[in-house]
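Enquirer: mmCIF, C-alpha atoms, file entry-v1.cif:
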data_coords
loop_
_atom_site.label_atom_id
_atom_site.label_comp_id
_atom_site.auth_asym_id
_atom_site.auth_seq_id
_atom_site.Cartn_x
_atom_site.Cartn_y
_atom_site.Cartn_z
CA MET A 1 -21.77 -19.27 -28.33
CA PHE A 2 -20.06 -15.89 -28.76
CA THR A 3 -17.43 -13.91 -26.87
CA PHE A 4 -17.86 -10.40 -25.51
CA PHE A 5 -15.89 -7.73 -23.69
CA ILE A 6 -17.30 -4.73 -21.83
CA ILE A 7 -15.37 -1.49 -21.30
CA THR A 8 -16.87 0.63 -18.53
CA PHE A 9 -16.44 4.35 -17.96
CA GLY A 10 -17.85 6.39 -15.10
CA CYS A 11 -19.57 5.95 -11.76
CA GLN A 12 -20.79 3.06 -9.64
CA MET A 13 -24.11 3.13 -11.49
CA ASN A 14 -22.29 2.53 -14.77
CA LYS A 15 -20.37 -0.35 -13.19
CA SER A 16 -23.64 -1.81 -11.98
CA ASP A 17 -25.11 -1.41 -15.47
CA SER A 18 -22.16 -3.37 -16.86
CA GLU A 19 -22.86 -6.20 -14.43
CA ARG A 20 -26.38 -6.41 -15.83
CA ILE A 21 -25.10 -6.21 -19.40
CA ALA A 22 -22.74 -9.12 -18.68
CA GLY A 23 -25.51 -11.11 -17.01
CA LEU A 24 -27.81 -10.63 -20.00
CA LEU A 25 -25.12 -11.57 -22.53
CA ILE A 26 -24.22 -14.71 -20.59
CA SER A 27 -27.90 -15.71 -20.51
CA LEU A 28 -27.87 -15.41 -24.32
CA GLY A 29 -24.88 -17.75 -24.67
CA GLY A 30 -22.07 -15.24 -24.38
CA VAL A 31 -18.68 -15.93 -22.79
CA GLU A 32 -16.65 -13.07 -21.33
CA ALA A 33 -13.33 -12.63 -23.13
CA GLY A 34 -10.04 -11.29 -21.81
CA GLY A 35 -9.89 -8.29 -24.12
CA PRO A 36 -11.31 -6.61 -27.25
CA ASP A 37 -9.00 -8.48 -29.62
CA LYS A 38 -10.47 -11.83 -28.50
CA SER A 39 -14.13 -10.80 -28.71
CA ASP A 40 -16.96 -11.08 -31.17
CA LEU A 41 -18.72 -8.19 -29.44
CA VAL A 42 -17.18 -5.18 -27.68
CA LEU A 43 -19.55 -2.92 -25.74
CA LEU A 44 -18.56 0.47 -24.36
CA ASN A 45 -20.65 1.52 -21.38
CA THR A 46 -20.10 5.26 -21.48
CA CYS A 47 -20.07 8.23 -19.13
CA SER A 48 -20.90 11.77 -20.21
CA VAL A 49 -20.61 13.64 -16.90
CA ARG A 50 -17.36 15.40 -17.84
CA LYS A 51 -15.67 16.23 -21.11
CA SER A 52 -12.53 14.38 -20.00
CA ALA A 53 -14.56 11.17 -19.80
CA GLU A 54 -15.94 11.70 -23.29
CA ASP A 55 -12.44 12.35 -24.63
CA ARG A 56 -11.28 8.97 -23.30
CA ILE A 57 -14.31 7.29 -24.84
CA PHE A 58 -13.66 8.84 -28.26
CA GLY A 59 -10.06 7.62 -28.05
CA GLN A 60 -11.23 4.10 -27.25
CA ILE A 61 -13.70 4.14 -30.15
CA HIS A 62 -10.88 5.17 -32.49
CA ASN A 63 -8.81 2.18 -31.30
CA LEU A 64 -11.75 -0.17 -31.85
CA LYS A 65 -12.28 1.16 -35.37
CA GLN A 66 -8.69 0.24 -36.17
CA LEU A 67 -9.29 -3.24 -34.74
CA LYS A 68 -12.40 -3.58 -36.87
CA ASN A 69 -10.38 -2.79 -40.00
CA THR A 70 -8.51 -6.06 -39.43
CA ARG A 71 -11.60 -7.93 -38.15
CA PRO A 72 -14.64 -6.75 -40.14
CA ASP A 73 -16.98 -9.18 -38.32
CA LEU A 74 -16.28 -7.50 -34.95
CA ILE A 75 -19.45 -5.94 -33.52
CA ILE A 76 -18.90 -2.64 -31.70
CA GLY A 77 -21.60 -1.28 -29.41
CA ILE A 78 -22.03 1.90 -27.38
CA THR A 79 -24.47 2.24 -24.49
CA GLY A 80 -24.68 4.27 -21.30
CA CYS A 81 -24.86 8.05 -21.02
CA LEU A 82 -23.66 9.03 -24.50
CA PRO A 83 -26.59 7.44 -26.38
CA GLY A 84 -28.92 8.52 -23.59
CA ARG A 85 -28.32 12.20 -24.28
CA ASP A 86 -28.19 11.90 -28.09
CA LYS A 87 -31.72 13.15 -28.70
CA ASP A 88 -31.16 14.43 -32.26
CA GLY A 89 -28.87 11.64 -33.51
CA ALA A 90 -25.85 13.91 -33.94
CA LEU A 91 -23.59 11.68 -31.85
CA ARG A 92 -24.76 8.53 -33.57
CA ARG A 93 -23.80 9.94 -36.95
CA GLN A 94 -20.21 10.44 -35.77
CA PHE A 95 -19.72 6.69 -35.21
CA SER A 96 -19.89 5.19 -38.69
CA ASN A 97 -18.24 1.90 -37.69
CA VAL A 98 -20.40 1.36 -34.60
CA ASP A 99 -23.04 -1.35 -34.96
CA LEU A 100 -25.02 -0.80 -31.75
CA PHE A 101 -25.91 2.55 -30.20
CA PHE A 102 -28.54 2.42 -27.48
CA PRO A 103 -29.36 3.98 -24.08
CA ILE A 104 -29.04 1.68 -21.09
CA THR A 105 -32.84 1.82 -20.65
CA ASP A 106 -33.05 -0.24 -23.86
CA LEU A 107 -30.93 -3.05 -22.44
CA PRO A 108 -33.87 -5.53 -22.34
CA LYS A 109 -34.09 -5.13 -26.14
CA LEU A 110 -30.44 -6.08 -26.70
CA ALA A 111 -31.24 -9.67 -27.70
CA ASP A 112 -33.36 -8.45 -30.62
CA LYS A 113 -30.53 -6.17 -31.77
CA LEU A 114 -28.01 -9.04 -31.64
CA ILE A 115 -30.37 -11.26 -33.64
CA ASP A 116 -30.59 -8.56 -36.31
CA LEU A 117 -26.76 -8.43 -36.43
CA GLY A 118 -26.54 -12.22 -36.77
CA LEU A 119 -24.57 -12.74 -33.56
CA ILE A 120 -27.25 -14.95 -32.00
CA LYS A 121 -29.98 -17.04 -33.57
CA ALA A 122 -33.56 -15.95 -33.90
CA GLY A 123 -35.64 -17.25 -31.02
CA ALA A 124 -33.01 -16.59 -28.36
CA GLN A 125 -34.93 -16.07 -25.16
CA ASN A 126 -34.71 -12.97 -23.03
CA SER A 127 -37.20 -13.14 -20.20
CA ALA A 128 -36.41 -9.71 -18.73
CA ILE A 129 -39.25 -7.28 -19.34
CA ASN A 130 -37.48 -4.30 -17.82
CA TYR A 131 -34.04 -3.27 -16.58
CA TRP A 132 -34.66 -4.33 -12.98
CA GLU A 133 -35.41 -7.92 -13.98
CA ILE A 134 -32.03 -8.53 -15.63
CA ILE A 135 -29.90 -10.76 -13.40
CA PRO A 136 -26.41 -9.23 -13.01
CA ARG A 137 -23.08 -11.00 -13.14
CA PHE A 138 -21.42 -9.62 -10.00
CA ARG A 139 -17.68 -8.99 -10.04
CA ASN A 140 -17.18 -11.12 -6.94
CA THR A 141 -19.12 -13.22 -4.43
CA TYR A 142 -19.04 -10.96 -1.39
CA GLN A 143 -19.87 -7.40 -2.60
CA ALA A 144 -22.95 -6.48 -4.60
CA MET A 145 -24.20 -3.23 -6.09
CA VAL A 146 -28.00 -3.07 -5.93
CA PRO A 147 -29.66 -0.26 -7.92
CA ILE A 148 -32.82 1.06 -6.28
CA GLN A 149 -33.45 4.09 -8.45
CA PHE A 150 -32.92 5.24 -12.03
CA GLY A 151 -32.68 8.76 -13.44
CA CYS A 152 -33.00 12.13 -11.73
CA ASN A 153 -35.47 15.00 -11.46
CA ASN A 154 -33.16 17.63 -9.97
CA PHE A 155 -31.70 19.24 -13.12
CA CYS A 156 -28.62 20.70 -11.45
CA ALA A 157 -27.31 23.31 -13.87
CA TYR A 158 -24.06 21.46 -14.61
CA CYS A 159 -25.39 17.88 -14.73
CA ILE A 160 -26.20 15.76 -17.77
CA VAL A 161 -27.76 12.87 -15.84
CA PRO A 162 -31.47 13.82 -16.22
CA PHE A 163 -30.92 14.06 -19.99
CA ALA A 164 -28.80 10.90 -20.27
CA ARG A 165 -30.80 8.67 -17.89
CA GLY A 166 -34.22 10.28 -17.90
CA ARG A 167 -36.54 11.19 -15.07
CA GLU A 168 -36.38 9.51 -11.70
CA THR A 169 -38.02 6.12 -11.28
CA ASN A 170 -37.86 4.07 -8.10
CA ARG A 171 -37.61 0.30 -7.92
CA PRO A 172 -40.31 -1.56 -5.98
CA MET A 173 -39.37 -2.11 -2.35
CA ALA A 174 -40.37 -5.79 -2.49
CA ASP A 175 -37.99 -6.42 -5.41
CA ILE A 176 -35.08 -4.75 -3.63
CA LEU A 177 -35.57 -6.74 -0.44
CA CYS A 178 -36.01 -9.97 -2.41
CA GLU A 179 -32.70 -9.39 -4.21
CA VAL A 180 -30.83 -8.52 -1.01
CA ARG A 181 -32.19 -11.60 0.80
CA ASP A 182 -31.07 -13.74 -2.12
CA LEU A 183 -27.61 -12.16 -2.02
CA ALA A 184 -27.38 -12.81 1.72
CA SER A 185 -28.32 -16.47 1.20
CA ARG A 186 -25.48 -16.74 -1.33
CA GLY A 187 -22.90 -15.38 1.10
CA PHE A 188 -22.63 -11.74 0.04
CA LEU A 189 -21.45 -9.56 2.93
CA GLU A 190 -21.61 -6.01 1.58
CA ILE A 191 -24.48 -4.27 -0.21
CA GLN A 192 -24.14 -0.95 -1.96
CA LEU A 193 -27.47 0.71 -2.77
CA LEU A 194 -27.31 2.86 -5.90
CA GLY A 195 -29.34 5.76 -7.18
CA GLN A 196 -28.73 9.18 -8.67
CA VAL A 197 -30.37 10.70 -5.57
CA VAL A 198 -30.52 7.57 -3.50
CA ASN A 199 -31.84 9.20 -0.32
CA ASN A 200 -34.88 10.50 -2.21
CA TYR A 201 -36.04 6.91 -2.70
CA GLN A 202 -39.81 6.47 -2.34
CA ALA A 203 -41.17 2.98 -2.73
CA PRO A 204 -43.78 2.76 -5.52
CA ASP A 205 -45.33 -0.32 -3.90
CA ALA A 206 -45.54 0.84 -0.27
CA LYS A 207 -47.09 4.12 0.80
CA ASN A 208 -44.85 6.40 2.90
CA PHE A 209 -42.00 3.87 2.77
CA SER A 210 -38.85 6.02 2.82
CA PHE A 211 -35.15 5.49 2.25
CA ALA A 212 -34.65 5.30 6.02
CA ASP A 213 -37.28 2.54 6.17
CA LEU A 214 -35.39 0.65 3.45
CA LEU A 215 -32.14 0.89 5.42
CA LEU A 216 -33.91 -0.46 8.50
CA LYS A 217 -35.35 -3.43 6.57
CA ILE A 218 -32.00 -4.34 5.01
CA ASN A 219 -30.23 -3.95 8.35
CA GLN A 220 -32.48 -6.75 9.66
CA ILE A 221 -31.48 -9.23 6.93
CA GLU A 222 -29.29 -11.93 8.43
CA GLY A 223 -25.96 -12.44 6.71
CA ILE A 224 -25.52 -8.88 5.41
CA ASN A 225 -22.68 -7.24 7.33
CA ARG A 226 -22.19 -3.91 5.56
CA ILE A 227 -24.60 -1.45 3.94
CA GLN A 228 -23.36 1.46 1.85
CA PHE A 229 -25.18 3.84 -0.51
CA VAL A 230 -24.56 6.54 -3.13
CA SER A 231 -25.30 9.24 -4.27
CA VAL A 232 -26.70 11.35 -1.44
CA ASP A 233 -28.15 14.83 -1.97
CA PRO A 234 -28.12 17.11 1.11
CA GLN A 235 -31.56 18.57 0.30
CA TYR A 236 -33.23 15.20 0.97
CA ILE A 237 -31.50 14.42 4.26
CA ASP A 238 -33.94 14.51 7.18
CA ASP A 239 -33.72 13.51 10.83
CA GLU A 240 -35.15 10.05 10.07
CA MET A 241 -32.31 9.30 7.66
CA ILE A 242 -29.69 10.68 10.04
CA GLU A 243 -31.01 8.43 12.80
CA ALA A 244 -30.80 5.47 10.42
CA LEU A 245 -27.05 6.06 10.11
CA ALA A 246 -26.73 4.66 13.64
CA LEU A 247 -27.91 1.21 12.47
CA PRO A 248 -25.08 -1.26 13.16
CA LYS A 249 -24.65 -2.49 9.58
CA ILE A 250 -24.43 0.96 7.99
CA MET A 251 -20.87 1.69 6.87
CA ASN A 252 -19.00 4.29 8.88
CA TYR A 253 -18.63 6.40 5.74
CA LEU A 254 -21.03 8.80 4.05
CA HIS A 255 -20.48 10.50 0.72
CA LEU A 256 -22.27 13.84 0.86
CA ALA A 257 -21.81 15.96 -2.27
CA VAL A 258 -21.60 19.70 -1.54
CA GLN A 259 -20.22 20.98 -4.92
CA SER A 260 -19.44 24.52 -3.66
CA GLY A 261 -18.99 26.53 -0.48
CA SER A 262 -20.62 29.64 -1.92
CA ASN A 263 -24.37 30.14 -1.53
CA GLU A 264 -24.39 32.25 -4.69
CA ILE A 265 -22.81 29.45 -6.72
CA LEU A 266 -25.03 26.80 -5.13
CA LYS A 267 -28.06 28.82 -6.22
CA LYS A 268 -26.72 29.08 -9.78
CA MET A 269 -26.08 25.34 -9.73
CA ASN A 270 -29.74 24.77 -8.73
CA ARG A 271 -28.65 23.00 -5.55
CA LYS A 272 -31.48 23.28 -3.02
CA TYR A 273 -29.54 23.92 0.18
CA THR A 274 -27.23 26.52 1.68
CA VAL A 275 -23.77 26.22 3.18
CA GLY A 276 -25.29 26.77 6.61
CA LYS A 277 -27.77 23.93 6.14
CA PHE A 278 -25.02 21.63 4.88
CA LEU A 279 -22.84 22.26 7.92
CA LYS A 280 -25.80 21.69 10.26
CA ILE A 281 -26.45 18.36 8.55
CA ALA A 282 -22.80 17.38 8.98
CA GLU A 283 -22.98 18.36 12.65
CA LYS A 284 -26.12 16.26 13.23
CA ILE A 285 -24.53 13.27 11.48
CA ARG A 286 -21.45 13.47 13.67
CA LYS A 287 -23.60 13.59 16.79
CA ILE A 288 -25.16 10.28 15.73
CA ARG A 289 -21.81 8.78 14.59
CA PRO A 290 -18.93 10.85 16.00
CA ASP A 291 -16.21 8.92 14.15
CA ILE A 292 -17.91 8.75 10.74
CA ALA A 293 -15.79 9.52 7.67
CA LEU A 294 -17.38 12.10 5.37
CA GLY A 295 -16.62 12.35 1.65
CA THR A 296 -17.79 14.93 -0.85
CA ASP A 297 -17.75 16.18 -4.47
CA ILE A 298 -16.64 19.70 -5.39
CA ILE A 299 -16.61 21.53 -8.73
CA VAL A 300 -14.18 24.42 -9.20
CA GLY A 301 -14.42 27.04 -11.91
CA PHE A 302 -18.20 26.99 -12.34
CA PRO A 303 -19.45 29.91 -14.49
CA GLY A 304 -19.34 33.11 -12.46
CA GLU A 305 -17.24 31.63 -9.64
CA THR A 306 -15.11 34.48 -8.27
CA GLU A 307 -12.01 34.21 -6.13
CA ASN A 308 -14.20 35.10 -3.16
CA ASP A 309 -16.60 32.27 -4.01
CA PHE A 310 -13.68 29.88 -4.23
CA GLN A 311 -12.25 30.98 -0.87
CA LYS A 312 -15.67 30.24 0.66
CA THR A 313 -15.34 26.70 -0.71
CA VAL A 314 -11.91 26.40 0.92
CA GLU A 315 -13.37 27.56 4.24
CA LEU A 316 -16.27 25.12 3.95
CA TYR A 317 -13.83 22.30 3.30
CA LYS A 318 -11.92 23.17 6.46
CA SER A 319 -15.11 23.52 8.51
CA ALA A 320 -16.62 20.22 7.31
CA ASP A 321 -13.25 18.47 7.79
CA PHE A 322 -13.88 15.97 4.99
CA ASP A 323 -12.02 12.66 4.88
CA ILE A 324 -11.94 12.61 1.09
CA ALA A 325 -13.15 14.69 -1.84
CA TYR A 326 -13.57 14.08 -5.54
CA LEU A 327 -12.55 17.37 -7.14
CA ALA A 328 -13.51 18.34 -10.68
CA GLN A 329 -12.77 21.30 -12.92
CA TYR A 330 -15.99 22.51 -14.50
CA SER A 331 -16.56 21.61 -18.14
CA PRO A 332 -19.75 22.54 -20.06
CA ARG A 333 -22.13 19.67 -20.82
CA PRO A 334 -24.33 20.14 -23.90
CA GLY A 335 -28.00 20.37 -22.99
CA THR A 336 -27.52 21.60 -19.44
CA ALA A 337 -28.51 25.06 -18.25
CA ALA A 338 -24.90 26.03 -17.50
CA ALA A 339 -23.84 25.20 -21.06
CA HIS A 340 -25.62 28.39 -22.15
CA TRP A 341 -23.52 30.54 -19.83
CA ALA A 342 -20.06 31.94 -20.43
CA ASP A 343 -17.38 29.51 -19.26
CA ASP A 344 -15.57 32.53 -17.82
CA VAL A 345 -13.04 30.99 -15.44
CA PRO A 346 -9.80 30.47 -17.42
CA HIS A 347 -8.42 26.94 -17.66
CA LEU A 348 -5.22 27.78 -15.79
CA GLU A 349 -7.26 29.35 -12.97
CA LYS A 350 -9.42 26.22 -12.74
CA GLU A 351 -6.25 24.17 -12.44
CA ARG A 352 -4.91 26.47 -9.70
CA ARG A 353 -8.12 26.27 -7.66
CA TRP A 354 -8.19 22.49 -8.11
CA ARG A 355 -4.59 22.24 -6.86
CA VAL A 356 -5.32 24.40 -3.79
CA LEU A 357 -8.16 22.09 -2.78
CA GLN A 358 -6.19 18.97 -3.69
CA ASN A 359 -3.31 20.05 -1.44
CA LEU A 360 -5.74 20.83 1.38
CA MET A 361 -7.42 17.45 0.96
CA GLU A 362 -4.12 15.58 1.02
CA GLU A 363 -3.06 17.41 4.18
CA ILE A 364 -6.33 16.55 5.95
CA VAL A 365 -6.38 12.94 4.69
CA LEU A 366 -2.91 12.28 6.11
CA ARG A 367 -3.82 13.90 9.43
CA LYS A 368 -7.02 11.91 9.73
CA ASN A 369 -5.34 8.63 8.78
CA GLN A 370 -2.79 9.06 11.57
CA LYS A 371 -5.52 8.56 14.18
CA TYR A 372 -5.92 4.93 13.10
CA VAL A 373 -2.38 3.98 14.14
CA GLY A 374 -2.68 1.62 17.09
CA GLN A 375 -6.37 0.95 16.41
CA THR A 376 -7.91 -2.29 15.16
CA VAL A 377 -10.23 -1.96 12.16
CA GLU A 378 -12.49 -4.41 10.35
CA VAL A 379 -11.47 -5.01 6.74
CA LEU A 380 -13.40 -6.73 3.96
CA VAL A 381 -10.54 -8.23 1.95
CA GLU A 382 -10.85 -7.65 -1.80
CA ARG A 383 -7.67 -8.95 -3.40
CA CYS A 384 -4.09 -10.19 -3.02
CA VAL A 385 -1.62 -7.60 -4.33
CA ASP A 386 1.59 -9.60 -3.80
CA ALA A 387 1.30 -13.40 -3.79
CA ASN A 388 5.00 -13.85 -2.99
CA LYS A 389 4.72 -11.85 0.21
CA ASN A 390 1.06 -12.76 0.96
CA ILE A 391 0.00 -9.11 0.95
CA TYR A 392 -3.76 -8.46 0.87
CA VAL A 393 -5.82 -5.28 0.66
CA GLY A 394 -9.38 -4.31 1.43
CA ASN A 395 -11.48 -1.48 2.84
CA SER A 396 -12.29 -0.67 6.41
CA ARG A 397 -15.80 0.36 7.45
CA GLU A 398 -14.64 3.95 6.88
CA TYR A 399 -13.63 3.06 3.30
CA LYS A 400 -9.96 3.41 4.11
CA LEU A 401 -7.70 1.20 2.02
CA VAL A 402 -5.90 -1.24 4.33
CA GLU A 403 -2.92 -3.42 3.42
CA PHE A 404 -1.69 -6.32 5.52
CA GLU A 405 0.05 -9.69 5.41
CA SER A 406 -1.81 -12.97 5.87
CA GLY A 407 -0.54 -16.54 5.80
CA VAL A 408 -3.90 -17.81 4.53
CA ASP A 409 -6.17 -16.73 1.69
CA VAL A 410 -8.66 -14.25 3.18
CA ILE A 411 -10.20 -12.78 0.00
CA GLY A 412 -13.90 -12.22 0.59
CA LYS A 413 -13.51 -12.45 4.37
CA ILE A 414 -13.87 -9.80 7.04
CA VAL A 415 -10.74 -9.67 9.16
CA LYS A 416 -9.50 -7.49 11.98
CA VAL A 417 -6.29 -5.59 11.29
CA ARG A 418 -4.26 -3.62 13.81
CA ILE A 419 -2.90 -0.51 12.10
CA ASN A 420 0.77 0.28 12.61
CA LYS A 421 1.42 2.74 9.78
CA ALA A 422 -0.63 5.47 8.11
CA GLU A 423 0.08 7.01 4.72
CA MET A 424 -1.99 9.40 2.63
CA TRP A 425 -3.95 6.79 0.68
CA ARG A 426 -3.22 3.61 2.61
CA LEU A 427 -3.20 2.15 6.09
CA THR A 428 -0.85 -0.74 6.84
CA GLY A 429 -1.23 -3.26 9.64
CA ILE A 430 -1.20 -6.86 10.75
CA ASN A 431 -4.02 -9.37 10.91
CA ASP A 432 -3.77 -10.16 14.61
CA CYS A 433 -7.35 -11.02 15.47
CA GLY A 434 -8.32 -13.76 13.05
CA ILE A 435 -11.24 -13.94 10.65
CA LYS A 436 -14.68 -12.71 11.62
#
Is it possible to give me this structure as structure tokens?

Expert:
Amino acid sequence: MFTFFIITFGCQMNKSDSERIAGLLISLGGVEAGGPDKSDLVLLNTCSVRKSAEDRIFGQIHNLKQLKNTRPDLIIGITGCLPGRDKDGALRRQFSNVDLFFPITDLPKLADKLIDLGLIKAGAQNSAINYWEIIPRFRNTYQAMVPIQFGCNNFCAYCIVPFARGRETNRPMADILCEVRDLASRGFLEIQLLGQVVNNYQAPDAKNFSFADLLLKINQIEGINRIQFVSVDPQYIDDEMIEALALPKIMNYLHLAVQSGSNEILKKMNRKYTVGKFLKIAEKIRKIRPDIALGTDIIVGFPGETENDFQKTVELYKSADFDIAYLAQYSPRPGTAAAHWADDVPHLEKERRWRVLQNLMEEIVLRKNQKYVGQTVEVLVERCVDANKNIYVGNSREYKLVEFESGVDVIGKIVKVRINKAEMWRLTGINDCGIK
């Protein structure tokens, strides 16, 4: 038996990877510890999408090196996007005290690496042949992330993902449906389908079986109440997928990354759509689901972005009327096309543009949240935030954070909450309609 601790950076896909890492380590005799100082093995599952993420990772590695100075037997490992993009070994050479350095695609080989390090005995069984076969250890018993795709073929000019995770591969349809049926039989209520370009899913084991077909199949599985998916690329949205959004179990939220409101910048980014096409897609979606909440990603300060380009992004934001946006200041990623271009928007100007959009987003978020006052929303309860006052929180079908009081433990249940107060990042209400 050995103890382990996983530190995760990055997106939902990284979090899902960590669930599979934990599942594999447990199958090998591992026990999850409460922190690095209590562990025989510490694994960092890393993100390389932005420089800020890498800076946090390097800081964490420095802290672990200090811990290893007092505990020489501690095994430190790095996986995820950093090793995935380290094609020439330059990154690996920077981490002299790191014992494991492997891309997430090599996860099925982890047992062999741990045998070599003496953490587990020779002969330890690992039946998983590939990544998809590793059984994850989910963070709870009612929400599950289900990866359906790995890697990306798009090569957006700013994005490291195709280099860190490789080319796109799609998981067999039969395997996905088998996993979701199993999750439903175990009481899971919410499924989140994951892929770098999830709506470009094409089943390798069923001809002409599309992402919309997959949504329809999962919608028919008894026991599943909510279906969500990320990440969606506008260029792969067709009428069939838009129609699928009307399925009753699909969440009333769609994250639709636009990145910029300037056609010139979108072209430089190698995004295969225009602002006009994006707005038409948003219009079609709202015809199918008029009250859907739309989220997006936007990068400010991309090479060559002028003030006029930025103002077009502001206008797009207003026109699309997004419910939420994840805003990033551009930072060059080694290996990408944009890394070869002049990073010609000054740092202070990037910060200013970010703040303009952040203020606009906050204004719109508060306005949109006000409409929920007096309405009753369905909430999947995720945790208790104040045991003394019996305060619980969860997300509505629009992915709005909802806080309410309950006299009974409702974690993992879907409850109806009548909203009586709306703030920028939180709705507050009372559980007046019981448990669904």

Enquirer: Written as a PDB file with C-alpha atoms, in the frame of the given file, what is the full residue list that the PyMOL selection byres ((chain A and resi 408) around 12) yields on the file shown?

Expert:
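Result went into selection34.pdb, see below:
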ATOM      1  CA  VAL A 381     -10.540  -8.230   1.950  1.00  0.00           C
ATOM      2  CA  CYS A 384      -4.090 -10.190  -3.020  1.00  0.00           C
ATOM      3  CA  ALA A 387       1.300 -13.400  -3.790  1.00  0.00           C
ATOM      4  CA  LYS A 389       4.720 -11.850   0.210  1.00  0.00           C
ATOM      5  CA  ASN A 390       1.060 -12.760   0.960  1.00  0.00           C
ATOM      6  CA  ILE A 391       0.000  -9.110   0.950  1.00  0.00           C
ATOM      7  CA  TYR A 392      -3.760  -8.460   0.870  1.00  0.00           C
ATOM      8  CA  PHE A 404      -1.690  -6.320   5.520  1.00  0.00           C
ATOM      9  CA  GLU A 405       0.050  -9.690   5.410  1.00  0.00           C
ATOM     10  CA  SER A 406      -1.810 -12.970   5.870  1.00  0.00           C
ATOM     11  CA  GLY A 407      -0.540 -16.540   5.800  1.00  0.00           C
ATOM     12  CA  ASP A 409      -6.170 -16.730   1.690  1.00  0.00           C
ATOM     13  CA  VAL A 410      -8.660 -14.250   3.180  1.00  0.00           C
ATOM     14  CA  ILE A 411     -10.200 -12.780   0.000  1.00  0.00           C
ATOM     15  CA  LYS A 413     -13.510 -12.450   4.370  1.00  0.00           C
ATOM     16  CA  VAL A 415     -10.740  -9.670   9.160  1.00  0.00           C
ATOM     17  CA  ASN A 431      -4.020  -9.370  10.910  1.00  0.00           C
ATOM     18  CA  GLY A 434      -8.320 -13.760  13.050  1.00  0.00           C
ATOM     19  CA  ILE A 435     -11.240 -13.940  10.650  1.00  0.00           C
TER      20      ILE A 435
END

Enquirer: How far is it from atom CA of Asp309 of chain A to atom CA of Met361 of chain A, in Å with one decimal?

Expert: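 These atoms are spaced 18.1 Å apart.
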
Enquirer: Grab the atom CA of Arg367 of chain A to atom CA of Glu403 of chain A distance for me, in Å with one decimal place.

Expert: 18.4 Å

Enquirer: Enumerate, as an mmCIF file with C-alpha atoms, in the frame of the given file, the residues matched when the PyMOL selection byres ((chain A and resi 152) around 12) is run on the file above.

Expert:
data_model
loop_
_atom_site.group_PDB
_atom_site.id
_atom_site.type_symbol
_atom_site.label_atom_id
_atom_site.label_comp_id
_atom_site.auth_asym_id
_atom_site.auth_seq_id
_atom_site.Cartn_x
_atom_site.Cartn_y
_atom_site.Cartn_z
ATOM 1 C CA GLN A 149 -33.450 4.090 -8.450
ATOM 2 C CA PHE A 150 -32.920 5.240 -12.030
ATOM 3 C CA GLY A 151 -32.680 8.760 -13.440
ATOM 4 C CA ASN A 153 -35.470 15.000 -11.460
ATOM 5 C CA ASN A 154 -33.160 17.630 -9.970
ATOM 6 C CA PHE A 155 -31.700 19.240 -13.120
ATOM 7 C CA CYS A 156 -28.620 20.700 -11.450
ATOM 8 C CA CYS A 159 -25.390 17.880 -14.730
ATOM 9 C CA ILE A 160 -26.200 15.760 -17.770
ATOM 10 C CA VAL A 161 -27.760 12.870 -15.840
ATOM 11 C CA PRO A 162 -31.470 13.820 -16.220
ATOM 12 C CA PHE A 163 -30.920 14.060 -19.990
ATOM 13 C CA ALA A 164 -28.800 10.900 -20.270
ATOM 14 C CA ARG A 165 -30.800 8.670 -17.890
ATOM 15 C CA GLY A 166 -34.220 10.280 -17.900
ATOM 16 C CA ARG A 167 -36.540 11.190 -15.070
ATOM 17 C CA GLU A 168 -36.380 9.510 -11.700
ATOM 18 C CA THR A 169 -38.020 6.120 -11.280
ATOM 19 C CA ASN A 170 -37.860 4.070 -8.100
ATOM 20 C CA GLY A 195 -29.340 5.760 -7.180
ATOM 21 C CA GLN A 196 -28.730 9.180 -8.670
ATOM 22 C CA VAL A 197 -30.370 10.700 -5.570
ATOM 23 C CA VAL A 198 -30.520 7.570 -3.500
ATOM 24 C CA ASN A 199 -31.840 9.200 -0.320
ATOM 25 C CA ASN A 200 -34.880 10.500 -2.210
ATOM 26 C CA TYR A 201 -36.040 6.910 -2.700
ATOM 27 C CA SER A 231 -25.300 9.240 -4.270
ATOM 28 C CA ASP A 233 -28.150 14.830 -1.970
#

Enquirer: Which one is closest to Val232 of chain A: A:Ala246, A:Ile57, A:Met173, A:Leu294? Count all atoms listed in the file.

Expert: A:Leu294

Enquirer: Skipping near chain neighbours, those fewer than 2 positions away, what residues fall within 7 Å of segment 256-270 of chain A using only C-alpha atoms, listed as an mmCIF file with C-alpha atoms, in the frame of the given file?

Expert:
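What follows is the written file selection-v3.cif:
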data_model
loop_
_atom_site.group_PDB
_atom_site.id
_atom_site.type_symbol
_atom_site.label_atom_id
_atom_site.label_comp_id
_atom_site.auth_asym_id
_atom_site.auth_seq_id
_atom_site.Cartn_x
_atom_site.Cartn_y
_atom_site.Cartn_z
ATOM 1 C CA CYS A 156 -28.620 20.700 -11.450
ATOM 2 C CA ALA A 157 -27.310 23.310 -13.870
ATOM 3 C CA TYR A 158 -24.060 21.460 -14.610
ATOM 4 C CA VAL A 232 -26.700 11.350 -1.440
ATOM 5 C CA ASP A 233 -28.150 14.830 -1.970
ATOM 6 C CA PRO A 234 -28.120 17.110 1.110
ATOM 7 C CA LEU A 254 -21.030 8.800 4.050
ATOM 8 C CA LYS A 272 -31.480 23.280 -3.020
ATOM 9 C CA THR A 274 -27.230 26.520 1.680
ATOM 10 C CA VAL A 275 -23.770 26.220 3.180
ATOM 11 C CA LEU A 294 -17.380 12.100 5.370
ATOM 12 C CA GLY A 295 -16.620 12.350 1.650
ATOM 13 C CA THR A 296 -17.790 14.930 -0.850
ATOM 14 C CA ASP A 297 -17.750 16.180 -4.470
ATOM 15 C CA ILE A 298 -16.640 19.700 -5.390
ATOM 16 C CA ILE A 299 -16.610 21.530 -8.730
ATOM 17 C CA GLU A 305 -17.240 31.630 -9.640
ATOM 18 C CA ASP A 309 -16.600 32.270 -4.010
ATOM 19 C CA LYS A 312 -15.670 30.240 0.660
ATOM 20 C CA THR A 313 -15.340 26.700 -0.710
ATOM 21 C CA LEU A 316 -16.270 25.120 3.950
#
